[in-house]
$ cat query27.cif   # mmCIF, C-alpha atoms
data_target
loop_
_atom_site.label_atom_id
_atom_site.label_comp_id
_atom_site.auth_asym_id
_atom_site.auth_seq_id
_atom_site.Cartn_x
_atom_site.Cartn_y
_atom_site.Cartn_z
CA MET A 1 -48.91 0.75 -16.26
CA THR A 2 -45.46 -0.14 -17.48
CA PRO A 3 -44.83 -2.44 -20.44
CA GLN A 4 -43.57 -5.16 -18.07
CA GLN A 5 -46.72 -4.90 -15.95
CA PHE A 6 -48.79 -5.23 -19.13
CA ILE A 7 -46.78 -8.31 -20.18
CA ASP A 8 -47.38 -9.91 -16.78
CA ALA A 9 -51.11 -9.16 -17.02
CA ALA A 10 -51.45 -10.50 -20.58
CA LEU A 11 -49.68 -13.75 -19.68
CA TRP A 12 -51.93 -14.18 -16.63
CA PHE A 13 -54.86 -15.25 -18.85
CA PRO A 14 -55.50 -18.98 -19.39
CA GLU A 15 -53.42 -20.45 -22.22
CA ALA A 16 -52.06 -17.04 -23.25
CA VAL A 17 -48.79 -17.16 -25.18
CA GLU A 18 -46.35 -14.46 -26.22
CA THR A 19 -45.02 -14.37 -29.78
CA GLU A 20 -43.00 -12.00 -31.97
CA PRO A 21 -44.41 -12.60 -35.47
CA PHE A 22 -43.53 -9.07 -36.61
CA GLY A 23 -39.95 -9.22 -35.35
CA PRO A 24 -38.27 -7.75 -32.29
CA GLY A 25 -40.01 -4.85 -30.57
CA THR A 26 -43.60 -5.96 -31.07
CA LEU A 27 -44.98 -8.58 -28.70
CA VAL A 28 -48.22 -10.35 -29.65
CA TYR A 29 -50.36 -12.18 -27.10
CA LYS A 30 -52.51 -15.01 -28.40
CA VAL A 31 -55.02 -17.53 -27.14
CA ALA A 32 -55.71 -20.60 -29.27
CA GLY A 33 -53.60 -19.04 -32.02
CA ARG A 34 -55.59 -15.80 -32.16
CA MET A 35 -54.30 -12.39 -31.16
CA PHE A 36 -55.95 -10.62 -28.22
CA ALA A 37 -53.24 -8.05 -27.45
CA LEU A 38 -50.21 -6.44 -29.05
CA LEU A 39 -47.52 -4.43 -27.26
CA SER A 40 -45.41 -2.06 -29.35
CA GLU A 41 -42.22 -0.62 -27.94
CA ARG A 42 -42.79 2.98 -28.95
CA ASN A 43 -44.85 5.31 -31.09
CA ARG A 44 -43.39 8.40 -32.78
CA GLU A 45 -43.30 10.24 -29.45
CA GLY A 46 -41.42 7.40 -27.77
CA VAL A 47 -44.38 6.12 -25.74
CA PRO A 48 -45.14 2.37 -25.68
CA PHE A 49 -48.69 1.37 -26.59
CA VAL A 50 -50.94 -1.68 -26.66
CA THR A 51 -53.59 -2.69 -29.16
CA LEU A 52 -56.66 -4.53 -27.87
CA LYS A 53 -59.78 -6.03 -29.43
CA CYS A 54 -62.99 -4.27 -28.45
CA ALA A 55 -66.72 -4.34 -29.17
CA PRO A 56 -67.40 -1.51 -31.68
CA ASP A 57 -69.71 0.55 -29.43
CA LEU A 58 -67.40 0.25 -26.44
CA ALA A 59 -64.42 1.14 -28.63
CA LEU A 60 -66.05 4.47 -29.48
CA GLU A 61 -66.94 5.15 -25.83
CA LEU A 62 -63.37 4.51 -24.68
CA ARG A 63 -61.96 6.78 -27.39
CA ALA A 64 -64.29 9.55 -26.23
CA GLU A 65 -63.42 9.03 -22.56
CA PHE A 66 -59.61 8.77 -22.79
CA ASP A 67 -57.26 10.85 -24.94
CA ALA A 68 -54.76 7.97 -24.81
CA VAL A 69 -57.20 5.60 -26.57
CA PHE A 70 -57.34 5.81 -30.35
CA PRO A 71 -58.36 3.59 -33.29
CA GLY A 72 -56.23 0.45 -33.51
CA TYR A 73 -52.86 0.97 -35.15
CA HIS A 74 -52.56 -1.23 -38.28
CA THR A 75 -55.75 -3.14 -37.33
CA ASP A 76 -59.46 -2.99 -38.09
CA LYS A 77 -60.33 0.40 -36.58
CA ARG A 78 -63.88 -0.73 -35.81
CA HIS A 79 -62.86 -3.68 -33.62
CA TRP A 80 -59.48 -2.65 -32.19
CA ASN A 81 -58.25 0.19 -29.99
CA SER A 82 -54.68 1.23 -29.27
CA VAL A 83 -53.87 2.63 -25.84
CA LEU A 84 -50.82 4.69 -24.95
CA LEU A 85 -49.07 3.45 -21.82
CA ASP A 86 -48.49 7.02 -20.68
CA GLY A 87 -50.18 6.71 -17.28
CA THR A 88 -53.35 8.62 -18.21
CA VAL A 89 -55.55 5.51 -18.40
CA PRO A 90 -55.96 4.04 -14.89
CA ASP A 91 -54.45 0.58 -14.43
CA ASP A 92 -57.78 -0.96 -13.43
CA GLU A 93 -59.40 0.40 -16.60
CA LEU A 94 -56.56 -0.93 -18.76
CA LEU A 95 -56.87 -4.35 -17.12
CA GLU A 96 -60.60 -4.32 -17.85
CA MET A 97 -59.86 -3.49 -21.50
CA LEU A 98 -57.39 -6.39 -21.61
CA ARG A 99 -59.91 -8.80 -20.09
CA HIS A 100 -62.57 -7.60 -22.55
CA SER A 101 -60.17 -8.17 -25.45
CA TYR A 102 -59.40 -11.71 -24.28
CA GLN A 103 -63.12 -12.45 -23.90
CA GLN A 104 -63.88 -11.02 -27.36
CA VAL A 105 -61.36 -13.38 -28.94
CA VAL A 106 -62.38 -16.42 -26.88
CA ALA A 107 -66.04 -15.82 -27.81
CA ARG A 108 -65.18 -16.53 -31.47
CA LEU A 109 -63.42 -19.86 -30.80
CA ARG A 110 -64.85 -23.35 -31.24
CA ARG A 111 -67.42 -24.15 -28.59
CA ALA A 112 -65.25 -26.67 -26.72
CA ASP A 113 -62.29 -24.28 -26.59
CA ARG A 114 -64.51 -21.34 -25.64
CA GLU A 115 -66.16 -23.21 -22.77
CA ARG A 116 -62.83 -24.55 -21.43
CA LEU A 117 -61.15 -21.13 -21.49
CA LEU A 118 -64.07 -19.20 -20.02
CA ALA A 119 -64.39 -21.80 -17.23
CA ALA A 120 -60.68 -21.44 -16.47
CA LEU A 121 -60.99 -17.65 -16.48
CA GLY A 122 -64.08 -17.48 -14.29
CA GLU A 123 -64.70 -14.06 -12.79
CA ASP A 124 -61.03 -13.45 -12.03
CA ALA A 125 -58.94 -10.63 -13.41
CA PRO A 126 -55.20 -10.03 -13.38
CA PRO A 127 -53.99 -8.43 -10.15
CA LEU A 128 -53.46 -4.68 -10.20
CA PRO A 129 -49.79 -3.71 -10.50
#

$ encode --input "query27.cif" --output "structure tokens"
Amino acid sequence: MTPQQFIDAALWFPEAVETEPFGPGTLVYKVAGRMFALLSERNREGVPFVTLKCAPDLALELRAEFDAVFPGYHTDKRHWNSVLLDGTVPDDELLEMLRHSYQQVVARLRRADRERLLAALGEDAPPLP
């Protein structure tokens, strides 16, 4: 998945907004003011990566399954994973991680907001690139 494909997927979610609170080069995707995804231009090797919220047990499973998944960069390592956009994680798997991240954040919102956003989301997922 390319960075632009990731951007399109992140903005597909209900009420998702893109911000740059850390300055140019780091895009943050929020719902109801809370971050659910972060896209960084490049790591030390020049590969873009994303950081996504994740249930702790699933985070460990994904790190074991994919070499491109590692503890969240500059985030709580227990609840966040970073994923290199180097093509080794299948697009459908990355989209599922993104959806899971969005749902993890929405689950912690006020009840009215949570119910509205989950109803708008339904069972849909962003289209595969």

$ closest_residue --input "query27.cif" --among "A:Glu18, A:Asp91, A:Val31, A:Asp8" --to "Val106 in chain A" --atoms "all atoms listed in the file"
A:Val31

$ atom_distance --input "query27.cif" --atom1 "CA of Pro71 in chain A" --atom2 "CA of Pro56 in chain A"
10.5 Å

$ closest_atom_pairs --input "query27.cif" --of "range 7-56 of chain A" --to "range 79-85 of chain A" --cutoff "8 Å" --atoms "only C-alpha atoms" --output "Markdown table"
| residue | atom | partner | partner_atom | distance |
| --- | --- | --- | --- | --- |
| A:Val47 | CA | A:Leu84 | CA | 6.6 |
| A:Pro48 | CA | A:Leu85 | CA | 5.6 |
| A:Phe49 | CA | A:Leu84 | CA | 4.3 |
| A:Val50 | CA | A:Val83 | CA | 5.3 |
| A:Thr51 | CA | A:Ser82 | CA | 4.1 |
| A:Leu52 | CA | A:Asn81 | CA | 5.4 |
| A:Lys53 | CA | A:Trp80 | CA | 4.4 |
| A:Cys54 | CA | A:His79 | CA | 5.2 |
| A:Ala55 | CA | A:His79 | CA | 5.9 |
| A:Pro56 | CA | A:His79 | CA | 5.4 |

$ resolve_selection --input "query27.cif" --expression "the PyMOL selection byres ((chain A and resi 93) around 12)" --output "list in words"
Met1, Leu62, Glu65, Phe66, Val69, Val83, Leu85, Gly87, Thr88, Val89, Pro90, Asp91, Asp92, Leu94, Leu95, Glu96, Met97, Leu98, Arg99, His100, Ala125, Pro126 and Leu128 of chain A

$ closest_residue --input "query27.cif" --among "A:Asp86, A:Glu15, A:Lys30, A:Glu45" --to "Pro3 in chain A" --atoms "all atoms listed in the file"
A:Asp86

$ atom_distance --input "query27.cif" --atom1 "CA of Asp67 in chain A" --atom2 "CA of Leu11 in chain A"
26.3 Å

$ closest_residue --input "query27.cif" --among "A:Phe36, A:Phe13, A:Tyr29, A:Tyr73" --to "Ala120 in chain A" --atoms "all atoms listed in the file"
A:Phe13

$ resolve_selection --input "query27.cif" --expression "the PyMOL selection byres ((chain A and resi 26) around 7)" --output "list in words"
Glu20, Phe22, Gly23, Pro24, Gly25, Leu27, Val28, Leu38, Leu39, Ser40 and Glu41 of chain A

$ closest_residue --input "query27.cif" --among "A:Ala37, A:Ile7, A:Leu60, A:Ala32" --to "Ala107 in chain A" --atoms "only C-alpha atoms"
A:Ala32

$ atom_distance --input "query27.cif" --atom1 "CA of Lys77 in chain A" --atom2 "CA of Glu115 in chain A"
28.0 Å

$ closest_residue --input "query27.cif" --among "A:Thr2, A:Ala119, A:Gln104, A:Gly33" --to "Ala16 in chain A" --atoms "all atoms listed in the file"
A:Gly33

$ axis_aligned_box --input "query27.cif" --around "range 100-113 of chain A" --padding-each-side "3 Å" --output "AutoDock Vina command-line options"
--center_x -63.4 --center_y -17.1 --center_z -27.0 --size_x 14.0 --size_y 25.1 --size_z 14.9

$ build_atoms --input "query27.cif" --residues "range 115-126 of chain A" --atoms "all heavy atoms" --output "CSV table (one decimal), in the coordinates of the input"
chain,number,residue,atom,x,y,z
A,115,GLU,N,-65.7,-22.8,-24.1
A,115,GLU,CA,-66.2,-23.2,-22.8
A,115,GLU,C,-65.0,-23.5,-21.8
A,115,GLU,O,-65.1,-23.1,-20.6
A,115,GLU,CB,-67.1,-24.4,-22.9
A,115,GLU,CG,-68.4,-24.0,-23.6
A,115,GLU,CD,-69.4,-25.2,-23.8
A,115,GLU,OE1,-69.0,-26.3,-23.6
A,115,GLU,OE2,-70.5,-24.9,-24.3
A,116,ARG,N,-64.0,-24.2,-22.3
A,116,ARG,CA,-62.8,-24.6,-21.4
A,116,ARG,C,-62.1,-23.3,-20.9
A,116,ARG,O,-61.8,-23.1,-19.8
A,116,ARG,CB,-61.9,-25.4,-22.2
A,116,ARG,CG,-60.6,-25.9,-21.4
A,116,ARG,CD,-59.6,-26.6,-22.2
A,116,ARG,NE,-58.9,-25.7,-23.1
A,116,ARG,CZ,-59.0,-25.7,-24.4
A,116,ARG,NH1,-59.8,-26.4,-25.0
A,116,ARG,NH2,-58.2,-24.8,-25.1
A,117,LEU,N,-61.9,-22.3,-21.9
A,117,LEU,CA,-61.2,-21.1,-21.5
A,117,LEU,C,-62.0,-20.2,-20.6
A,117,LEU,O,-61.4,-19.6,-19.6
A,117,LEU,CB,-60.7,-20.4,-22.8
A,117,LEU,CG,-59.6,-21.1,-23.6
A,117,LEU,CD1,-59.5,-20.5,-24.9
A,117,LEU,CD2,-58.3,-21.1,-22.8
A,118,LEU,N,-63.2,-20.1,-20.9
A,118,LEU,CA,-64.1,-19.2,-20.0
A,118,LEU,C,-64.2,-19.8,-18.6
A,118,LEU,O,-64.3,-19.1,-17.6
A,118,LEU,CB,-65.4,-18.9,-20.7
A,118,LEU,CG,-65.4,-18.0,-21.9
A,118,LEU,CD1,-66.7,-17.9,-22.5
A,118,LEU,CD2,-64.8,-16.7,-21.6
A,119,ALA,N,-64.3,-21.1,-18.5
A,119,ALA,CA,-64.4,-21.8,-17.2
A,119,ALA,C,-63.1,-21.6,-16.4
A,119,ALA,O,-63.1,-21.3,-15.2
A,119,ALA,CB,-64.7,-23.3,-17.4
A,120,ALA,N,-62.0,-21.7,-17.1
A,120,ALA,CA,-60.7,-21.4,-16.5
A,120,ALA,C,-60.5,-20.0,-16.0
A,120,ALA,O,-60.0,-19.7,-15.0
A,120,ALA,CB,-59.5,-21.8,-17.4
A,121,LEU,N,-61.1,-19.1,-16.8
A,121,LEU,CA,-61.0,-17.6,-16.5
A,121,LEU,C,-61.9,-17.3,-15.3
A,121,LEU,O,-61.5,-16.6,-14.4
A,121,LEU,CB,-61.4,-16.8,-17.7
A,121,LEU,CG,-61.4,-15.3,-17.5
A,121,LEU,CD1,-60.0,-14.8,-17.1
A,121,LEU,CD2,-61.8,-14.6,-18.8
A,122,GLY,N,-63.1,-17.8,-15.3
A,122,GLY,CA,-64.1,-17.5,-14.3
A,122,GLY,C,-64.3,-16.0,-14.2
A,122,GLY,O,-64.3,-15.3,-15.2
A,123,GLU,N,-64.5,-15.5,-13.0
A,123,GLU,CA,-64.7,-14.1,-12.8
A,123,GLU,C,-63.4,-13.3,-12.4
A,123,GLU,O,-63.5,-12.1,-12.1
A,123,GLU,CB,-65.8,-13.9,-11.7
A,123,GLU,CG,-67.1,-14.4,-12.0
A,123,GLU,CD,-67.7,-13.7,-13.2
A,123,GLU,OE1,-67.6,-12.4,-13.3
A,123,GLU,OE2,-68.3,-14.4,-14.1
A,124,ASP,N,-62.3,-14.0,-12.4
A,124,ASP,CA,-61.0,-13.4,-12.0
A,124,ASP,C,-60.5,-12.4,-13.0
A,124,ASP,O,-60.9,-12.4,-14.2
A,124,ASP,CB,-60.0,-14.5,-11.9
A,124,ASP,CG,-60.2,-15.5,-10.7
A,124,ASP,OD1,-61.0,-15.0,-9.8
A,124,ASP,OD2,-59.7,-16.6,-10.7
A,125,ALA,N,-59.6,-11.6,-12.6
A,125,ALA,CA,-58.9,-10.6,-13.4
A,125,ALA,C,-57.5,-10.6,-12.9
A,125,ALA,O,-57.2,-10.9,-11.8
A,125,ALA,CB,-59.6,-9.3,-13.3
A,126,PRO,N,-56.6,-10.1,-13.8
A,126,PRO,CA,-55.2,-10.0,-13.4
A,126,PRO,C,-55.1,-9.1,-12.2
A,126,PRO,O,-55.9,-8.1,-12.1
A,126,PRO,CB,-54.5,-9.5,-14.6
A,126,PRO,CG,-55.4,-9.6,-15.7
A,126,PRO,CD,-56.8,-9.7,-15.2
